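I have placed the structure first, in the form of structure tokens, so that the comments after it can refer back to it.
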Amino acid sequence: MLEHFWDVLTPWLLSAGILAAVVVAVLLLHSLVYRVLGKLAGRTSSSLDDSFVRRSRRPVKLILPLLAAMATLGTLPLPSTTLGPLRHIVGLALIGATACLAISLLGVIDDAVALKFRIDVKDNLAARRVQTQVKVLQRIVTVVIVIVTTSIGLMTFPEIRQIGTSLLASAGLAGLIVGLAARSTLENL
């Protein structure tokens, strides 16, 4: 009986150990790469590269282990009935982490606008207007990213794929309407 228990448990322990080792290795690599990128960005006169490194650090810290886990799952000694749902969960998490990266990188645009249109000067009415317009557009794009991400996530489930497709089509139509409504704002920018 105990021997059968170990026969069942061994693949799970081995798989957990392999996944943990891969995730730790990728996180160490991420830490090293971002330490180097931070130092390189600090040496330049532009603060946009600092903003890019700062804003992409956390989302990439989510994405890299998920990518490594996705690549490793096929090599694990687990039954296919377990691997399928695990791949699906990791895939959904990867979709969400990618959306987080896209939303985070919108902040780089915000930082660039804040550098170009400074509000800490005496006559800052035009700069405040531009920054407000950029923030409104940033929020609109964030909502679009969330809707598209949700749609893509729903489309990974065969049973409710139609809902995801409908939501994505609605998001496209809403994006078109918002784009037309925001045309004057975009032209001012």
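Chains: A, B, ... in order of the structure tokens. Residues: from 1 per chain. Ligands: from 1, in order shown.
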
Need the shell around Ala102 in chain A: protein/DNA/RNA residues with any atom at most 12 Å away, counting only C-alpha atoms. Skip same-chain ones fewer than 4 positions apart. Format as a list in words? Phe52, Arg55, Ser56, Arg58, Pro59, Val60, Ile63, Ile95, Gly96, Ala97, Thr98, Leu106, Gly107, Val108, Ile109, Gln138, Val141, Thr142, Val143, Val144, Ile145, Val146, Val148 and Thr149 of chain A

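Neighbours of range 73-75 of chain A closer than or equal to 12 Å, with only C-alpha atoms counted and sequence neighbours fewer than 5 positions away skipped, come out as Pro11, Leu14, Ser15, Ala16, Ile18, Leu19, Ala20, Val22, Val23, Pro65, Leu66, Leu67, Ala68, Ser80, Thr82, Leu83, Gly84, Pro85, Leu86, Arg87, His88, Ile89, Val90 and Gly91 of chain A.
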
Output C-alpha atoms of each residue in that selection to a file, as a CSV table (one decimal), in the first residue's frame.
chain,number,residue,atom,x,y,z
A,11,PRO,CA,5.5,12.2,-10.4
A,14,LEU,CA,9.2,15.5,-9.3
A,15,SER,CA,7.0,17.8,-11.4
A,16,ALA,CA,6.7,20.3,-8.5
A,18,ILE,CA,11.1,20.8,-11.7
A,19,LEU,CA,8.6,23.7,-11.9
A,20,ALA,CA,10.0,25.3,-8.8
A,22,VAL,CA,12.6,26.6,-13.4
A,23,VAL,CA,10.7,29.4,-11.9
A,65,PRO,CA,8.0,32.4,-15.0
A,66,LEU,CA,4.6,31.8,-16.8
A,67,LEU,CA,6.4,31.4,-20.1
A,68,ALA,CA,9.0,29.1,-18.5
A,80,SER,CA,-2.5,14.3,-19.8
A,82,THR,CA,-3.8,17.0,-15.4
A,83,LEU,CA,-1.5,18.7,-18.0
A,84,GLY,CA,-4.4,20.0,-20.1
A,85,PRO,CA,-6.0,22.1,-17.3
A,86,LEU,CA,-2.6,23.2,-16.0
A,87,ARG,CA,-1.7,24.5,-19.5
A,88,HIS,CA,-5.0,26.3,-19.7
A,89,ILE,CA,-4.6,27.9,-16.3
A,90,VAL,CA,-1.0,29.0,-17.1
A,91,GLY,CA,-2.2,30.3,-20.5

Which residue is closest to Val26 in chain A? Choose from A:Lys116, A:Arg129, A:Lys39, A:Lys61 and count only C-alpha atoms. A:Lys61

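The shortest atom-to-atom distance to Leu154 in chain A, with only C-alpha atoms taken into account, belongs to A:Ser166 out of A:Ser104, A:Thr44, A:Ser166, A:Gln133.
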
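One finds CA of Leu115 in chain A at 12.0 Å from CA of Arg128 in chain A.
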
Would you kindly return, as an NGL selection string, each protein, DNA or RNA residue with an atom no farther than 12 Å from any atom of Arg35 in chain A, considering only C-alpha atoms and excluding same-chain residues fewer than 5 positions away? :A and (28-30 or 40-42 or 50 or 53-54 or 57)

Please dump the current selection as a PDB file, in the first residue's frame; keep C-alpha atoms.
ATOM      1  CA  LEU A  28      17.066  35.017 -10.782  1.00  0.00           C
ATOM      2  CA  LEU A  29      17.694  35.717 -14.477  1.00  0.00           C
ATOM      3  CA  HIS A  30      15.018  38.445 -14.406  1.00  0.00           C
ATOM      4  CA  LEU A  40      22.339  51.102 -18.255  1.00  0.00           C
ATOM      5  CA  ALA A  41      19.231  53.294 -18.125  1.00  0.00           C
ATOM      6  CA  GLY A  42      20.745  55.310 -15.280  1.00  0.00           C
ATOM      7  CA  ASP A  50      14.306  54.675 -16.714  1.00  0.00           C
ATOM      8  CA  VAL A  53      12.631  49.723 -16.978  1.00  0.00           C
ATOM      9  CA  ARG A  54      10.687  50.769 -13.882  1.00  0.00           C
ATOM     10  CA  ARG A  57       9.850  45.224 -14.227  1.00  0.00           C
TER      11      ARG A  57
END

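Here CA of Ala112 in chain A stands at a distance of 10.5 Å from CA of Val134 in chain A.
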
Given only C-alpha atoms as the basis, pick out the residue of A:Leu62, A:Met155, A:Ile119, A:Leu167 nearest to Thr132 in chain A. A:Ile119

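The gap separating CA of Ile163 in chain A from CA of Ser151 in chain A is 7.7 Å, in Å to one decimal.
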